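Trainee: Following this line is coords.pdb, made up of PDB, C-alpha atoms:
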```
ATOM      1  CA  MET A  14     -27.333  10.643 -55.449
ATOM      2  CA  ARG A  15     -29.559  10.185 -52.398
ATOM      3  CA  VAL A  16     -28.210  10.332 -48.858
ATOM      4  CA  LEU A  17     -29.722   9.586 -45.458
ATOM      5  CA  VAL A  18     -28.200  11.567 -42.581
ATOM      6  CA  ALA A  19     -28.955   9.770 -39.297
ATOM      7  CA  GLU A  20     -27.757  12.084 -36.529
ATOM      8  CA  ASP A  21     -29.521  12.970 -33.266
ATOM      9  CA  HIS A  22     -27.845  16.372 -32.882
ATOM     10  CA  GLU A  23     -30.378  18.298 -34.975
ATOM     11  CA  ARG A  24     -28.242  21.364 -35.624
ATOM     12  CA  LEU A  25     -25.308  19.248 -36.791
ATOM     13  CA  ALA A  26     -27.613  17.087 -38.901
ATOM     14  CA  ARG A  27     -28.974  20.153 -40.691
ATOM     15  CA  PHE A  28     -25.465  21.561 -41.268
ATOM     16  CA  VAL A  29     -24.409  18.244 -42.819
ATOM     17  CA  ALA A  30     -27.569  18.056 -44.947
ATOM     18  CA  ALA A  31     -27.077  21.610 -46.206
ATOM     19  CA  ALA A  32     -23.461  20.879 -47.172
ATOM     20  CA  LEU A  33     -24.453  17.737 -49.071
ATOM     21  CA  ARG A  34     -27.307  19.520 -50.845
ATOM     22  CA  ARG A  35     -24.937  22.263 -51.986
ATOM     23  CA  HIS A  36     -23.095  19.522 -53.846
ATOM     24  CA  GLY A  37     -26.211  18.343 -55.653
ATOM     25  CA  MET A  38     -27.299  15.502 -53.386
ATOM     26  CA  THR A  39     -30.836  14.681 -52.287
ATOM     27  CA  VAL A  40     -30.811  14.372 -48.482
ATOM     28  CA  ASP A  41     -33.254  12.972 -45.930
ATOM     29  CA  LEU A  42     -32.829  13.404 -42.177
ATOM     30  CA  ALA A  43     -33.447  10.985 -39.321
ATOM     31  CA  LEU A  44     -32.913  12.211 -35.763
ATOM     32  CA  ASP A  45     -33.074   8.798 -34.078
ATOM     33  CA  GLY A  46     -32.366   5.195 -34.948
ATOM     34  CA  ASP A  47     -35.987   4.091 -35.224
ATOM     35  CA  ASP A  48     -36.731   6.791 -37.797
ATOM     36  CA  ALA A  49     -33.547   5.886 -39.682
ATOM     37  CA  LEU A  50     -34.621   2.236 -39.927
ATOM     38  CA  ALA A  51     -38.083   3.243 -41.138
ATOM     39  CA  ARG A  52     -36.630   5.457 -43.863
ATOM     40  CA  LEU A  53     -34.160   2.773 -44.925
ATOM     41  CA  GLY A  54     -37.042   0.332 -45.248
ATOM     42  CA  ALA A  55     -39.011   2.693 -47.474
ATOM     43  CA  ASN A  56     -36.310   4.263 -49.661
ATOM     44  CA  ARG A  57     -33.087   3.390 -51.441
ATOM     45  CA  TYR A  58     -30.055   5.446 -50.410
ATOM     46  CA  ASP A  59     -26.656   5.556 -52.078
ATOM     47  CA  VAL A  60     -24.955   6.621 -48.845
ATOM     48  CA  VAL A  61     -25.992   6.581 -45.180
ATOM     49  CA  VAL A  62     -24.193   9.060 -42.923
ATOM     50  CA  LEU A  63     -24.735   7.210 -39.662
ATOM     51  CA  ASP A  64     -24.065   8.492 -36.147
ATOM     52  CA  ARG A  65     -22.962   5.498 -34.119
ATOM     53  CA  ASP A  66     -24.592   6.626 -30.855
ATOM     54  CA  LEU A  67     -28.178   7.182 -31.978
ATOM     55  CA  PRO A  68     -31.078   7.087 -29.510
ATOM     56  CA  GLY A  69     -33.654   4.417 -30.177
ATOM     57  CA  THR A  70     -32.111   1.782 -32.423
ATOM     58  CA  HIS A  71     -28.355   2.088 -31.955
ATOM     59  CA  GLY A  72     -26.199   2.967 -34.960
ATOM     60  CA  ASP A  73     -24.312  -0.328 -34.576
ATOM     61  CA  ASP A  74     -27.569  -2.269 -34.945
ATOM     62  CA  ILE A  75     -28.542  -0.257 -38.022
ATOM     63  CA  CYS A  76     -25.178  -1.013 -39.590
ATOM     64  CA  ARG A  77     -25.565  -4.728 -38.796
ATOM     65  CA  ALA A  78     -29.058  -4.732 -40.322
ATOM     66  CA  LEU A  79     -27.803  -3.163 -43.566
ATOM     67  CA  VAL A  80     -25.046  -5.766 -43.812
ATOM     68  CA  ALA A  81     -27.469  -8.622 -43.097
ATOM     69  CA  GLU A  82     -29.819  -7.375 -45.813
ATOM     70  CA  ARG A  83     -26.916  -7.074 -48.280
ATOM     71  CA  SER A  84     -27.927  -3.459 -48.741
ATOM     72  CA  GLU A  85     -26.273  -1.542 -51.581
ATOM     73  CA  SER A  86     -26.166   1.577 -49.374
ATOM     74  CA  ARG A  87     -22.664   2.662 -48.367
ATOM     75  CA  VAL A  88     -22.240   3.563 -44.685
ATOM     76  CA  LEU A  89     -20.160   6.512 -43.471
ATOM     77  CA  MET A  90     -20.138   6.099 -39.682
ATOM     78  CA  LEU A  91     -19.743   9.105 -37.372
ATOM     79  CA  THR A  92     -18.783   9.002 -33.710
ATOM     80  CA  ALA A  93     -17.427  11.202 -30.944
ATOM     81  CA  ALA A  94     -14.939   8.448 -30.070
ATOM     82  CA  SER A  95     -11.729   8.823 -32.054
ATOM     83  CA  SER A  96      -9.493   5.961 -30.903
ATOM     84  CA  VAL A  97      -8.129   3.416 -33.365
ATOM     85  CA  LYS A  98     -10.053   0.722 -31.463
ATOM     86  CA  ASP A  99     -13.337   2.560 -32.087
ATOM     87  CA  ARG A 100     -12.566   2.982 -35.783
ATOM     88  CA  VAL A 101     -11.713  -0.681 -36.135
ATOM     89  CA  GLU A 102     -14.931  -1.694 -34.354
ATOM     90  CA  GLY A 103     -16.982   0.489 -36.674
ATOM     91  CA  LEU A 104     -15.399  -0.982 -39.780
ATOM     92  CA  GLU A 105     -15.762  -4.517 -38.436
ATOM     93  CA  LEU A 106     -19.502  -3.892 -38.062
ATOM     94  CA  GLY A 107     -19.637  -3.348 -41.814
ATOM     95  CA  ALA A 108     -19.253   0.412 -42.174
ATOM     96  CA  ASP A 109     -17.546   1.453 -45.414
ATOM     97  CA  ASP A 110     -15.823   4.480 -43.894
ATOM     98  CA  TYR A 111     -15.458   6.088 -40.476
ATOM     99  CA  LEU A 112     -15.193   9.761 -39.505
ATOM    100  CA  PRO A 113     -14.587  10.914 -35.910
ATOM    101  CA  LYS A 114     -16.197  14.074 -34.535
ATOM    102  CA  PRO A 115     -15.466  16.912 -34.792
ATOM    103  CA  PHE A 116     -14.979  16.729 -38.549
ATOM    104  CA  ASP A 117     -14.599  19.126 -41.440
ATOM    105  CA  LEU A 118     -17.751  19.364 -43.572
ATOM    106  CA  ALA A 119     -15.724  19.452 -46.779
ATOM    107  CA  GLU A 120     -14.073  16.165 -45.821
ATOM    108  CA  LEU A 121     -17.433  14.559 -45.039
ATOM    109  CA  VAL A 122     -18.820  15.635 -48.429
ATOM    110  CA  ALA A 123     -15.730  14.297 -50.208
ATOM    111  CA  ARG A 124     -15.975  10.963 -48.391
ATOM    112  CA  ALA A 125     -19.685  10.628 -49.180
ATOM    113  CA  GLN A 126     -18.994  11.311 -52.854
ATOM    114  CA  ALA A 127     -16.170   8.777 -52.872
ATOM    115  CA  LEU A 128     -18.387   6.112 -51.298
ATOM    116  CA  ALA A 129     -21.080   6.674 -53.897
ATOM    117  CA  ARG A 130     -18.510   6.088 -56.641
ATOM    118  CA  ARG A 131     -17.283   2.795 -55.209
ATOM    119  CA  PRO A 132     -18.015  -0.297 -57.279
ATOM    120  CA  GLY A 133     -21.017  -2.159 -55.972
ATOM    121  CA  ALA A 134     -24.086  -3.367 -57.758
ATOM    122  CA  ALA A 135     -23.931  -3.156 -61.524
ATOM    123  CA  GLN A 136     -24.570   0.340 -62.795
ATOM    124  CA  PRO A 137     -27.780   0.714 -64.795
ATOM    125  CA  GLY A 138     -27.221   0.616 -68.527
ATOM    126  CA  ALA A 139     -28.350   3.228 -71.007
ATOM    127  CA  LEU A 140     -32.080   3.927 -71.118
ATOM    128  CA  GLY A 141     -33.956   5.072 -74.168
ATOM    129  CA  TYR A 142     -37.175   5.676 -76.038
ATOM    130  CA  ALA A 143     -37.392   6.465 -79.745
ATOM    131  CA  ASP A 144     -34.483   8.859 -80.466
ATOM    132  CA  LEU A 145     -33.925   9.691 -76.771
ATOM    133  CA  VAL A 146     -30.936   8.103 -74.986
ATOM    134  CA  LEU A 147     -30.045   8.576 -71.309
ATOM    135  CA  ASP A 148     -26.858   7.227 -69.702
ATOM    136  CA  PRO A 149     -27.249   7.155 -65.883
ATOM    137  CA  ALA A 150     -23.577   6.365 -65.269
ATOM    138  CA  LYS A 151     -22.346   9.344 -67.287
ATOM    139  CA  ARG A 152     -25.277  11.573 -66.294
ATOM    140  CA  ALA A 153     -25.733  12.406 -69.976
ATOM    141  CA  ALA A 154     -28.766  12.499 -72.265
ATOM    142  CA  THR A 155     -29.157  13.024 -76.018
ATOM    143  CA  ARG A 156     -31.999  13.264 -78.483
ATOM    144  CA  SER A 157     -31.286  12.476 -82.122
ATOM    145  CA  GLY A 158     -27.631  12.652 -81.133
ATOM    146  CA  ARG A 159     -28.018  16.190 -79.750
ATOM    147  CA  PRO A 160     -26.752  16.608 -76.149
ATOM    148  CA  LEU A 161     -29.424  17.827 -73.744
ATOM    149  CA  ALA A 162     -28.401  20.408 -71.136
ATOM    150  CA  LEU A 163     -30.468  19.050 -68.236
ATOM    151  CA  ARG A 164     -30.424  20.233 -64.653
ATOM    152  CA  ARG A 165     -29.961  17.573 -61.995
ATOM    153  CA  LYS A 166     -33.658  17.309 -61.105
ATOM    154  CA  GLU A 167     -34.682  17.303 -64.775
ATOM    155  CA  PHE A 168     -32.262  14.439 -65.444
ATOM    156  CA  ASP A 169     -33.539  12.468 -62.433
ATOM    157  CA  VAL A 170     -37.190  12.952 -63.428
ATOM    158  CA  LEU A 171     -36.424  11.800 -66.963
ATOM    159  CA  GLN A 172     -34.604   8.750 -65.622
ATOM    160  CA  CYS A 173     -37.594   7.838 -63.410
ATOM    161  CA  LEU A 174     -39.951   8.085 -66.383
ATOM    162  CA  LEU A 175     -37.722   5.957 -68.609
ATOM    163  CA  VAL A 176     -37.230   3.299 -65.919
ATOM    164  CA  ALA A 177     -41.033   3.058 -65.598
ATOM    165  CA  GLU A 178     -41.188   1.896 -69.255
ATOM    166  CA  GLY A 179     -44.490   3.534 -70.106
ATOM    167  CA  ARG A 180     -46.132   3.190 -66.689
ATOM    168  CA  PRO A 181     -47.566   6.491 -65.473
ATOM    169  CA  VAL A 182     -45.486   7.915 -62.623
ATOM    170  CA  SER A 183     -47.405  10.128 -60.219
ATOM    171  CA  ALA A 184     -46.206  13.531 -59.081
ATOM    172  CA  GLU A 185     -46.100  12.123 -55.545
ATOM    173  CA  GLU A 186     -43.787   9.286 -56.616
ATOM    174  CA  LEU A 187     -41.509  11.700 -58.470
ATOM    175  CA  LEU A 188     -41.452  13.959 -55.421
ATOM    176  CA  GLU A 189     -40.426  11.003 -53.241
ATOM    177  CA  ARG A 190     -37.754   9.676 -55.591
ATOM    178  CA  VAL A 191     -36.173  12.913 -56.815
ATOM    179  CA  TRP A 192     -36.711  15.430 -54.014
ATOM    180  CA  ASP A 193     -36.240  15.280 -50.238
ATOM    181  CA  LEU A 194     -38.941  13.666 -48.116
ATOM    182  CA  GLY A 195     -39.474  17.016 -46.411
ATOM    183  CA  THR A 196     -40.618  18.694 -49.623
ATOM    184  CA  ASP A 197     -44.131  20.158 -49.450
ATOM    185  CA  PRO A 198     -46.426  17.590 -51.152
ATOM    186  CA  PHE A 199     -48.574  20.431 -52.490
ATOM    187  CA  THR A 200     -45.692  22.161 -54.239
ATOM    188  CA  THR A 201     -45.835  22.759 -57.999
ATOM    189  CA  THR A 202     -42.141  22.000 -58.401
ATOM    190  CA  VAL A 203     -42.782  18.652 -60.148
ATOM    191  CA  LYS A 204     -45.049  20.266 -62.738
ATOM    192  CA  ALA A 205     -42.565  23.098 -63.303
ATOM    193  CA  THR A 206     -39.678  20.636 -63.712
ATOM    194  CA  VAL A 207     -41.643  18.488 -66.166
ATOM    195  CA  ASN A 208     -42.571  21.580 -68.191
ATOM    196  CA  ARG A 209     -38.907  22.624 -68.433
ATOM    197  CA  LEU A 210     -37.966  19.081 -69.372
ATOM    198  CA  ARG A 211     -40.566  18.998 -72.136
ATOM    199  CA  ALA A 212     -39.218  22.225 -73.576
ATOM    200  CA  LYS A 213     -35.656  20.879 -73.598
ATOM    201  CA  LEU A 214     -36.669  17.560 -75.171
ATOM    202  CA  GLY A 215     -38.290  19.411 -78.075
ATOM    203  CA  GLU A 216     -40.586  18.031 -80.761
ATOM    204  CA  PRO A 217     -42.308  15.702 -81.177
ATOM    205  CA  PRO A 218     -43.386  15.573 -77.514
ATOM    206  CA  LEU A 219     -42.223  12.584 -75.489
ATOM    207  CA  ILE A 220     -43.772  13.170 -72.052
ATOM    208  CA  GLU A 221     -47.492  12.566 -71.771
ATOM    209  CA  THR A 222     -49.698  13.751 -68.920
ATOM    210  CA  VAL A 223     -52.040  10.966 -67.835
ATOM    211  CA  ARG A 224     -55.106  12.360 -66.109
ATOM    212  CA  ASP A 225     -55.256  11.472 -62.405
ATOM    213  CA  ALA A 226     -52.192   9.211 -62.822
ATOM    214  CA  GLY A 227     -49.139  11.380 -63.494
ATOM    215  CA  TYR A 228     -46.647  11.397 -66.354
ATOM    216  CA  ARG A 229     -45.184   8.829 -68.703
ATOM    217  CA  ILE A 230     -42.819   8.610 -71.629
ATOM    218  CA  GLY A 231     -44.637   7.884 -74.859
ATOM    219  CA  GLY A 232     -45.632  11.103 -76.595
ATOM    220  CA  GLN A 233     -49.096  12.542 -77.053
TER     221      GLN A 233
END
```
Spit out the file's structure as structure tokens when you get a sec.
Mentor:
Amino acid sequence: MRVLVAEDHERLARFVAAALRRHGMTVDLALDGDDALARLGANRYDVVVLDRDLPGTHGDDICRALVAERSESRVLMLTAASSVKDRVEGLELGADDYLPKPFDLAELVARAQALARRPGAAQPGALGYADLVLDPAKRAATRSGRPLALRRKEFDVLQCLLVAEGRPVSAEELLERVWDLGTDPFTTTVKATVNRLRAKLGEPPLIETVRDAGYRIGGQ
């Protein structure tokens, strides 16, 4: 689950991001509306935690843009205004949920999780290669019928490779899709995750390293 937190109060934004990450979510931060729009144009987010009063592009305009684009991202709108009128206005703009400040972090996390579970676009069906089967909806994977105990990042990397259908996926692309945008691009975390994944998948090998191109499903 990938979340964009668009909040201009940096300390609050980082508190929210940390709380969401503790619950297994991948989180990107935008501290103004222009940055939020740029990130929304470049990445797919399951949930957008959107401060209504952002500098730059206003939160209302971001919400309108997502609705106009028929975006699949769910919007949890935040605001310092707590009147019923304000809540109604936010929902009429197209927000999926509305949370006045100050709020409890546990409630925000629960609402974000609930939004991500709401019916929307069709959930991806099972993915597979040879005797490997991955079910994105159930977050479960098996090989030859044997359940695989995969960590969240291992599962997400495997899903990216299967979705690519044999196309090499670069470490940079995996870093962008599975980890936060702030992750050091020179980190070895992708290689370490792929190595753990290979060990858990067992023999014969399914993940091939393609020189200067990345990784792909297809064996060696």
Trainee: Expand the PyMOL selection byres ((chain A and resi 20) around 9) into the individual residues it matches in the shown file, reporting them as a PDB file with C-alpha atoms, in the frame of the given file.
Mentor:
```pdb
ATOM      1  CA  VAL A  18     -28.200  11.567 -42.581  1.00  0.00           C
ATOM      2  CA  ALA A  19     -28.955   9.770 -39.297  1.00  0.00           C
ATOM      3  CA  ASP A  21     -29.521  12.970 -33.266  1.00  0.00           C
ATOM      4  CA  HIS A  22     -27.845  16.372 -32.882  1.00  0.00           C
ATOM      5  CA  GLU A  23     -30.378  18.298 -34.975  1.00  0.00           C
ATOM      6  CA  LEU A  25     -25.308  19.248 -36.791  1.00  0.00           C
ATOM      7  CA  ALA A  26     -27.613  17.087 -38.901  1.00  0.00           C
ATOM      8  CA  LEU A  42     -32.829  13.404 -42.177  1.00  0.00           C
ATOM      9  CA  ALA A  43     -33.447  10.985 -39.321  1.00  0.00           C
ATOM     10  CA  LEU A  44     -32.913  12.211 -35.763  1.00  0.00           C
ATOM     11  CA  ASP A  45     -33.074   8.798 -34.078  1.00  0.00           C
ATOM     12  CA  GLY A  46     -32.366   5.195 -34.948  1.00  0.00           C
ATOM     13  CA  VAL A  62     -24.193   9.060 -42.923  1.00  0.00           C
ATOM     14  CA  LEU A  63     -24.735   7.210 -39.662  1.00  0.00           C
ATOM     15  CA  ASP A  64     -24.065   8.492 -36.147  1.00  0.00           C
ATOM     16  CA  ARG A  65     -22.962   5.498 -34.119  1.00  0.00           C
ATOM     17  CA  ASP A  66     -24.592   6.626 -30.855  1.00  0.00           C
ATOM     18  CA  LEU A  67     -28.178   7.182 -31.978  1.00  0.00           C
ATOM     19  CA  LEU A  91     -19.743   9.105 -37.372  1.00  0.00           C
TER      20      LEU A  91
END
```
Trainee: Please return as a short mmCIF file (atom, residue, chain, number, x, y, z; two decimals) with C-alpha atoms, in the coordinates of the input every residue within 6 Å of (-33.9, 18.8, -78.4), taking into account all atoms listed in the file and the file's own coordinates.
Mentor:
```cif
data_model
loop_
_atom_site.label_atom_id
_atom_site.label_comp_id
_atom_site.auth_asym_id
_atom_site.auth_seq_id
_atom_site.Cartn_x
_atom_site.Cartn_y
_atom_site.Cartn_z
CA ARG A 156 -32.00 13.26 -78.48
CA LYS A 213 -35.66 20.88 -73.60
CA LEU A 214 -36.67 17.56 -75.17
CA GLY A 215 -38.29 19.41 -78.08
#
```
Trainee: With only C-alpha atoms as the atoms that count, which of A:His71, A:Arg211, A:Arg180, A:Arg190 lies nearest to Val223 of chain A?
Mentor: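 Checking each of A:His71, A:Arg211, A:Arg180, A:Arg190 against Val223 of chain A, counting only C-alpha atoms, the winner is A:Arg180.
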Trainee: One number please: atom CA of Arg52 of chain A to atom CA of Asp110 of chain A, in Å, one decimal.
Mentor: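 Those two atoms sit 20.8 Å apart.
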Trainee: Considering all atoms listed in the file, return as a list in words whatever protein or nucleic-acid residues lie within 6 Å of Gly227 of chain A, sequence-local ones (same chain, fewer than 4 positions apart) excluded.
Mentor: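 That gives Pro181, Val182, Ser183, Ala184, Thr222 and Val223 of chain A.
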Trainee: Tell me which protein, DNA and RNA residues are within 7 Å of segment 127-130 of chain A, counting only C-alpha atoms, leaving out same-chain ones fewer than 6 positions away, and put them as number ranges by chain.
Mentor: A: 59-60, 87
Trainee: Quick one: of A:Glu221, A:Asp74, A:Glu216, A:Glu189, who's nearest to Leu174 of chain A, counting only C-alpha atoms?
Mentor: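 Checking each candidate against Leu174 of chain A, we get A:Glu221 as the closest.
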Trainee: Which of these residues is nearest to Lys166 of chain A, using only C-alpha atoms: A:Tyr228, A:Phe28, A:Trp192, A:Tyr58?
Mentor: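 Nearest to Lys166 of chain A: A:Trp192.
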Trainee: Any chance you could work out the residue set of the PyMOL selection byres ((chain A and resi 210) around 9) here, as a short mmCIF file (atom, residue, chain, number, x, y, z; two decimals) with C-alpha atoms, keeping the file's coordinate frame?
Mentor:
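New file out_29.cif:
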```
data_model
loop_
_atom_site.label_atom_id
_atom_site.label_comp_id
_atom_site.auth_asym_id
_atom_site.auth_seq_id
_atom_site.Cartn_x
_atom_site.Cartn_y
_atom_site.Cartn_z
CA LEU A 163 -30.47 19.05 -68.24
CA ARG A 164 -30.42 20.23 -64.65
CA GLU A 167 -34.68 17.30 -64.78
CA PHE A 168 -32.26 14.44 -65.44
CA VAL A 170 -37.19 12.95 -63.43
CA LEU A 171 -36.42 11.80 -66.96
CA ALA A 205 -42.56 23.10 -63.30
CA THR A 206 -39.68 20.64 -63.71
CA VAL A 207 -41.64 18.49 -66.17
CA ASN A 208 -42.57 21.58 -68.19
CA ARG A 209 -38.91 22.62 -68.43
CA ARG A 211 -40.57 19.00 -72.14
CA ALA A 212 -39.22 22.22 -73.58
CA LYS A 213 -35.66 20.88 -73.60
CA LEU A 214 -36.67 17.56 -75.17
CA GLY A 215 -38.29 19.41 -78.08
CA ILE A 220 -43.77 13.17 -72.05
#
```
Trainee: Evaluated on this file, the PyMOL selection byres ((chain A and resi 39) around 9) picks out some residues - which ones are they, written as a count of residues only?
Mentor: 14
Trainee: Please measure the separation of atom CA of Gly179 of chain A and atom CA of Ser157 of chain A, giving the value in Å to one decimal.
Mentor: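 Going from atom CA of Gly179 of chain A over to atom CA of Ser157 of chain A, I get 20.0 Å.
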Trainee: Tell me, in Å to one decimal, how far atom CA of Leu219 of chain A is from atom CA of Arg57 of chain A.
Mentor: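 Taking atom CA of Leu219 of chain A as the start and atom CA of Arg57 of chain A as the end point, the length is 27.3 Å.
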Trainee: Using the file's own x, y and z axes, what box holds all listed atoms of segment 177-183 of chain A with 3 Å on each side, keeping edges along x, y and z, and what are its centre and edge lengths in Å to one decimal, as lines of an AutoDock Vina configuration file?
Mentor:
```
center_x = -44.3
center_y = 6.0
center_z = -65.2
size_x = 12.5
size_y = 14.2
size_z = 15.9
```
Trainee: Env of Tyr142 of chain A: 9 Å cut, atoms = only C-alpha atoms, seq-sep filter 4 positions within chain, self excluded. Answer as a VMD selection string.
Mentor: chain A and resid 146 175 178 219 230 to 231
Trainee: Could you write out that same residue set with C-alpha atoms as a PDB file, keeping the file's coordinate frame?
Mentor:
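Once written, out.pdb looks like this:
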```
ATOM      1  CA  VAL A 146     -30.936   8.103 -74.986  1.00  0.00           C
ATOM      2  CA  LEU A 175     -37.722   5.957 -68.609  1.00  0.00           C
ATOM      3  CA  GLU A 178     -41.188   1.896 -69.255  1.00  0.00           C
ATOM      4  CA  LEU A 219     -42.223  12.584 -75.489  1.00  0.00           C
ATOM      5  CA  ILE A 230     -42.819   8.610 -71.629  1.00  0.00           C
ATOM      6  CA  GLY A 231     -44.637   7.884 -74.859  1.00  0.00           C
TER       7      GLY A 231
END
```
Trainee: Quick one: of A:Val88, A:Ala93, A:Ala162, A:Ala49, who's nearest to Arg131 of chain A, counting only C-alpha atoms?
Mentor: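 Distance minimum relative to Arg131 of chain A lands on A:Val88.
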Trainee: Looking at all atoms listed in the file, which of A:Ala123, A:Ala143, A:Ala51, A:Ala108 is the one that sits closest to Gly72 of chain A?
Mentor: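 When distances to Gly72 of chain A are compared using all atoms listed in the file, the smallest one comes from A:Ala108.
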Trainee: Restricting the calculation to all atoms listed in the file: of A:Lys204, A:Arg159, A:Arg77, A:Arg152, which residue gets closest to Leu106 of chain A?
Mentor: A:Arg77
